[in-house]
Amino acid sequence: MFEGKNVKCMEDELGDDHIATSANNPVRDDAFAISDDKKIQAIEEDVARILHTLGMDLSDDSLKGTPRRVAKMFVNEIFGGLNPEKKPKLSTFDNNYKYGEMLVEKNITLYSTCEHHLLPIIGKAHVAYISKGNVIGLSKMNRIVDYYAKRPQVQERLTMQIVQELQKVLGTDDVACVIDAKHLCVNSRGIRDIASSTVTSEFGGKFKDNAIKREFLDYINLETDFE
């Protein structure tokens, strides 16, 4: 992985630095060679071993089901986006009403997991596009965010993946995404800065124009509290 250097040495040098190596998640070619049931069984055994090593008594009523609960959560829920079979079906429709302005889906709730410490990332995603003839159901934009978030992630990569997927589905480069999220690897450990959040953005096509970008950012800041 790191040519010419001891891996442990490189890990020490990187420390808590927030790095990404690719716009794609680092998934092995044989990632789906075994079934989800077998993955759950293997992870259950690994989690039990970790808890045992930490000194926990797995015969306790509160703990004895924990390894299986964690394994099922990993495979079926918080890392379910690794499985391409769980990718949402993204049908598009003709823009028959000829809406030519940007469409913005803001404040999409985002739950992900930092791939460096396997701690939660919690925040909001704001997504927009300008149609070139096709439109997509509003809920599908939320599902795209959720699908790519359900992986061990780096926020920069997640932002790019959301934009690239919408560009492919809609057949246009005119897509943008901004994510504002808290990383518990920063908030609950290490520096323990509970106030900070991380903002990332990806602007494609017309959104690279400063006026269009400004309009999108203004929409994000628009007050929409309907309660």
# chains A, B, ... in the order shown; residues from 1 in each chain; ligands from 1
>>> residues_around(residues="segment 122-131 of chain A", least_positions_apart="3", cutoff="9 Å", atoms="only C-alpha atoms", output="MDAnalysis selection string")
chainID A and resid 95 98:113 134:135 141:142 145 159 162:163 166:167 170:184 197 206:207 216 220
>>> select_by_dssp(residues="segment 24-203 of chain A", states="alpha helix (DSSP H)", output="ChimeraX atom specification")
/A:36-53,66-72,138-149,155-170,184-187
>>> write_last_selection(atoms="C-alpha atoms", output="PDB file, in the first residue's frame")
ATOM      1  CA  ASP A  36     -24.574 -11.186   3.731  1.00  0.00           C
ATOM      2  CA  ASP A  37     -25.476 -13.996   6.155  1.00  0.00           C
ATOM      3  CA  LYS A  38     -21.885 -15.238   6.155  1.00  0.00           C
ATOM      4  CA  LYS A  39     -20.594 -11.707   6.612  1.00  0.00           C
ATOM      5  CA  ILE A  40     -22.875 -11.248   9.615  1.00  0.00           C
ATOM      6  CA  GLN A  41     -21.632 -14.496  11.130  1.00  0.00           C
ATOM      7  CA  ALA A  42     -17.976 -13.554  10.640  1.00  0.00           C
ATOM      8  CA  ILE A  43     -18.412 -10.007  11.969  1.00  0.00           C
ATOM      9  CA  GLU A  44     -20.347 -11.331  14.966  1.00  0.00           C
ATOM     10  CA  GLU A  45     -17.371 -13.501  15.887  1.00  0.00           C
ATOM     11  CA  ASP A  46     -14.961 -10.593  15.407  1.00  0.00           C
ATOM     12  CA  VAL A  47     -17.009  -8.208  17.547  1.00  0.00           C
ATOM     13  CA  ALA A  48     -17.279 -10.821  20.287  1.00  0.00           C
ATOM     14  CA  ARG A  49     -13.496 -11.206  20.181  1.00  0.00           C
ATOM     15  CA  ILE A  50     -12.997  -7.442  20.472  1.00  0.00           C
ATOM     16  CA  LEU A  51     -15.342  -7.147  23.448  1.00  0.00           C
ATOM     17  CA  HIS A  52     -13.728 -10.161  25.112  1.00  0.00           C
ATOM     18  CA  THR A  53     -10.286  -8.609  24.603  1.00  0.00           C
ATOM     19  CA  THR A  66     -24.376  -7.268  21.176  1.00  0.00           C
ATOM     20  CA  PRO A  67     -22.003  -8.988  18.703  1.00  0.00           C
ATOM     21  CA  ARG A  68     -24.901 -10.135  16.518  1.00  0.00           C
ATOM     22  CA  ARG A  69     -26.692  -6.801  16.753  1.00  0.00           C
ATOM     23  CA  VAL A  70     -23.543  -4.965  15.667  1.00  0.00           C
ATOM     24  CA  ALA A  71     -22.896  -7.400  12.814  1.00  0.00           C
ATOM     25  CA  LYS A  72     -26.438  -7.054  11.457  1.00  0.00           C
ATOM     26  CA  LEU A 138     -37.604  14.445  -5.220  1.00  0.00           C
ATOM     27  CA  SER A 139     -37.309  11.479  -2.875  1.00  0.00           C
ATOM     28  CA  LYS A 140     -34.755   9.902  -5.201  1.00  0.00           C
ATOM     29  CA  MET A 141     -32.316  12.690  -4.387  1.00  0.00           C
ATOM     30  CA  ASN A 142     -32.628  11.812  -0.701  1.00  0.00           C
ATOM     31  CA  ARG A 143     -32.122   8.136  -1.534  1.00  0.00           C
ATOM     32  CA  ILE A 144     -28.945   8.875  -3.505  1.00  0.00           C
ATOM     33  CA  VAL A 145     -27.525  10.749  -0.496  1.00  0.00           C
ATOM     34  CA  ASP A 146     -28.529   7.924   1.850  1.00  0.00           C
ATOM     35  CA  TYR A 147     -27.084   5.185  -0.387  1.00  0.00           C
ATOM     36  CA  TYR A 148     -23.627   6.719  -0.718  1.00  0.00           C
ATOM     37  CA  ALA A 149     -23.613   7.803   2.935  1.00  0.00           C
ATOM     38  CA  GLN A 155     -16.923  13.592   3.332  1.00  0.00           C
ATOM     39  CA  GLU A 156     -15.127  14.948   0.261  1.00  0.00           C
ATOM     40  CA  ARG A 157     -15.625  11.648  -1.567  1.00  0.00           C
ATOM     41  CA  LEU A 158     -19.275  11.426  -0.534  1.00  0.00           C
ATOM     42  CA  THR A 159     -19.959  14.909  -1.908  1.00  0.00           C
ATOM     43  CA  MET A 160     -18.379  13.998  -5.252  1.00  0.00           C
ATOM     44  CA  GLN A 161     -20.221  10.673  -5.488  1.00  0.00           C
ATOM     45  CA  ILE A 162     -23.624  12.319  -5.006  1.00  0.00           C
ATOM     46  CA  VAL A 163     -22.925  14.825  -7.781  1.00  0.00           C
ATOM     47  CA  GLN A 164     -21.471  12.240 -10.169  1.00  0.00           C
ATOM     48  CA  GLU A 165     -24.444   9.899  -9.709  1.00  0.00           C
ATOM     49  CA  LEU A 166     -26.979  12.651 -10.391  1.00  0.00           C
ATOM     50  CA  GLN A 167     -25.007  13.843 -13.421  1.00  0.00           C
ATOM     51  CA  LYS A 168     -25.092  10.326 -14.844  1.00  0.00           C
ATOM     52  CA  VAL A 169     -28.788   9.765 -14.146  1.00  0.00           C
ATOM     53  CA  LEU A 170     -29.980  13.177 -15.352  1.00  0.00           C
ATOM     54  CA  LEU A 184     -17.646  12.485  15.967  1.00  0.00           C
ATOM     55  CA  CYS A 185     -14.001  11.520  15.454  1.00  0.00           C
ATOM     56  CA  VAL A 186     -13.366  15.250  15.984  1.00  0.00           C
ATOM     57  CA  ASN A 187     -16.235  16.048  18.356  1.00  0.00           C
TER      58      ASN A 187
END
>>> atom_distance(atom1="atom CA of Ile191 of chain A", atom2="atom CA of Gln153 of chain A")
20.1 Å
>>> select_by_dssp(residues="segment 33-206 of chain A", states="strand (DSSP E)", output="ChimeraX atom specification")
/A:92-94,102-114,120-130,134-136,152-153,175-183,198-203
>>> write_last_selection(atoms="N, CA and C atoms", output="short mmCIF file (atom, residue, chain, number, x, y, z; two decimals), in the first residue's frame")
data_model
loop_
_atom_site.label_atom_id
_atom_site.label_comp_id
_atom_site.auth_asym_id
_atom_site.auth_seq_id
_atom_site.Cartn_x
_atom_site.Cartn_y
_atom_site.Cartn_z
N THR A 92 -36.07 8.52 -14.36
CA THR A 92 -36.24 9.94 -14.68
C THR A 92 -37.48 10.12 -15.55
N PHE A 93 -37.91 11.39 -15.65
CA PHE A 93 -39.10 11.71 -16.41
C PHE A 93 -38.79 12.91 -17.31
N ASP A 94 -39.53 13.00 -18.41
CA ASP A 94 -39.37 14.16 -19.29
C ASP A 94 -39.82 15.43 -18.58
N MET A 102 -33.10 26.21 -11.53
CA MET A 102 -32.53 25.14 -10.71
C MET A 102 -33.57 24.58 -9.75
N LEU A 103 -33.45 23.32 -9.46
CA LEU A 103 -34.26 22.67 -8.44
C LEU A 103 -33.33 22.31 -7.29
N VAL A 104 -33.73 22.69 -6.09
CA VAL A 104 -32.89 22.49 -4.91
C VAL A 104 -33.62 21.63 -3.90
N GLU A 105 -32.98 20.57 -3.46
CA GLU A 105 -33.46 19.76 -2.34
C GLU A 105 -32.49 20.01 -1.19
N LYS A 106 -32.95 20.74 -0.17
CA LYS A 106 -32.06 21.17 0.90
C LYS A 106 -32.37 20.44 2.20
N ASN A 107 -31.41 20.50 3.10
CA ASN A 107 -31.56 19.93 4.45
C ASN A 107 -31.88 18.44 4.43
N ILE A 108 -31.23 17.70 3.53
CA ILE A 108 -31.38 16.25 3.52
C ILE A 108 -30.57 15.68 4.69
N THR A 109 -31.24 15.00 5.59
CA THR A 109 -30.56 14.44 6.75
C THR A 109 -29.55 13.38 6.32
N LEU A 110 -28.35 13.49 6.84
CA LEU A 110 -27.26 12.62 6.43
C LEU A 110 -26.64 11.93 7.64
N TYR A 111 -26.59 10.61 7.59
CA TYR A 111 -25.87 9.81 8.57
C TYR A 111 -24.85 8.96 7.82
N SER A 112 -23.59 9.12 8.17
CA SER A 112 -22.55 8.30 7.57
C SER A 112 -21.57 7.88 8.65
N THR A 113 -20.46 7.27 8.22
CA THR A 113 -19.46 6.77 9.16
C THR A 113 -18.07 7.10 8.65
N CYS A 114 -17.28 7.75 9.48
CA CYS A 114 -15.90 8.09 9.12
C CYS A 114 -15.08 6.82 8.95
N PRO A 120 -19.53 8.12 13.85
CA PRO A 120 -20.57 8.73 13.00
C PRO A 120 -20.19 10.09 12.42
N ILE A 121 -20.74 10.33 11.22
CA ILE A 121 -20.79 11.64 10.60
C ILE A 121 -22.27 12.00 10.50
N ILE A 122 -22.65 13.15 11.05
CA ILE A 122 -24.06 13.53 11.12
C ILE A 122 -24.19 14.95 10.57
N GLY A 123 -25.08 15.13 9.59
CA GLY A 123 -25.22 16.48 9.05
C GLY A 123 -26.35 16.61 8.06
N LYS A 124 -26.21 17.61 7.19
CA LYS A 124 -27.21 17.90 6.18
C LYS A 124 -26.53 18.01 4.81
N ALA A 125 -27.23 17.50 3.80
CA ALA A 125 -26.78 17.65 2.42
C ALA A 125 -27.78 18.54 1.68
N HIS A 126 -27.26 19.37 0.80
CA HIS A 126 -28.08 20.25 -0.03
C HIS A 126 -27.70 19.96 -1.49
N VAL A 127 -28.68 19.58 -2.28
CA VAL A 127 -28.41 19.11 -3.64
C VAL A 127 -29.26 19.91 -4.63
N ALA A 128 -28.68 20.23 -5.78
CA ALA A 128 -29.41 20.99 -6.80
C ALA A 128 -29.02 20.53 -8.19
N TYR A 129 -29.95 20.74 -9.14
CA TYR A 129 -29.62 20.50 -10.54
C TYR A 129 -30.46 21.41 -11.42
N ILE A 130 -29.99 21.59 -12.65
CA ILE A 130 -30.73 22.32 -13.68
C ILE A 130 -31.00 21.33 -14.81
N ASN A 134 -34.51 16.11 -18.55
CA ASN A 134 -34.99 15.08 -17.64
C ASN A 134 -35.09 15.62 -16.22
N VAL A 135 -36.05 15.08 -15.47
CA VAL A 135 -36.17 15.39 -14.05
C VAL A 135 -36.24 14.08 -13.28
N ILE A 136 -35.99 14.16 -11.98
CA ILE A 136 -35.99 12.98 -11.13
C ILE A 136 -36.90 13.23 -9.94
N PRO A 152 -18.33 3.24 4.94
CA PRO A 152 -17.22 3.96 5.58
C PRO A 152 -16.79 5.06 4.61
N GLN A 153 -16.85 6.32 5.05
CA GLN A 153 -16.73 7.41 4.09
C GLN A 153 -15.72 8.47 4.51
N VAL A 175 -25.07 19.99 -11.88
CA VAL A 175 -25.46 19.43 -10.57
C VAL A 175 -24.51 19.99 -9.51
N ALA A 176 -25.04 20.22 -8.32
CA ALA A 176 -24.22 20.72 -7.22
C ALA A 176 -24.64 20.07 -5.91
N CYS A 177 -23.69 20.00 -4.99
CA CYS A 177 -23.96 19.46 -3.66
C CYS A 177 -23.09 20.16 -2.64
N VAL A 178 -23.69 20.51 -1.52
CA VAL A 178 -22.97 21.04 -0.36
C VAL A 178 -23.36 20.19 0.84
N ILE A 179 -22.38 19.75 1.61
CA ILE A 179 -22.62 18.99 2.83
C ILE A 179 -22.01 19.72 4.01
N ASP A 180 -22.77 19.85 5.07
CA ASP A 180 -22.32 20.43 6.34
C ASP A 180 -22.55 19.39 7.41
N ALA A 181 -21.48 18.87 8.00
CA ALA A 181 -21.64 17.73 8.91
C ALA A 181 -20.66 17.78 10.08
N LYS A 182 -21.08 17.17 11.15
CA LYS A 182 -20.22 16.99 12.32
C LYS A 182 -19.61 15.60 12.27
N HIS A 183 -18.31 15.52 12.59
CA HIS A 183 -17.59 14.25 12.62
C HIS A 183 -17.29 13.92 14.08
N THR A 198 -17.78 20.29 9.39
CA THR A 198 -17.02 20.27 8.14
C THR A 198 -17.95 20.54 6.97
N VAL A 199 -17.57 21.48 6.10
CA VAL A 199 -18.37 21.81 4.92
C VAL A 199 -17.59 21.44 3.67
N THR A 200 -18.23 20.68 2.79
CA THR A 200 -17.63 20.32 1.51
C THR A 200 -18.61 20.66 0.39
N SER A 201 -18.08 20.87 -0.80
CA SER A 201 -18.94 21.22 -1.93
C SER A 201 -18.38 20.63 -3.22
N GLU A 202 -19.28 20.41 -4.16
CA GLU A 202 -18.91 19.98 -5.50
C GLU A 202 -19.87 20.67 -6.47
N PHE A 203 -19.31 21.44 -7.42
CA PHE A 203 -20.11 22.19 -8.37
C PHE A 203 -19.78 21.74 -9.78
#
>>> closest_residue(among="A:Ala33, A:Leu63, A:Val75, A:Leu90", to="Lys150 of chain A", atoms="only C-alpha atoms")
A:Val75
>>> closest_residue(among="A:Pro26, A:Gly133, A:Gly205, A:Gly65", to="Val154 of chain A", atoms="only C-alpha atoms")
A:Pro26
>>> atom_distance(atom1="atom CA of Glu85 of chain A", atom2="atom CA of Ile34 of chain A")
13.8 Å
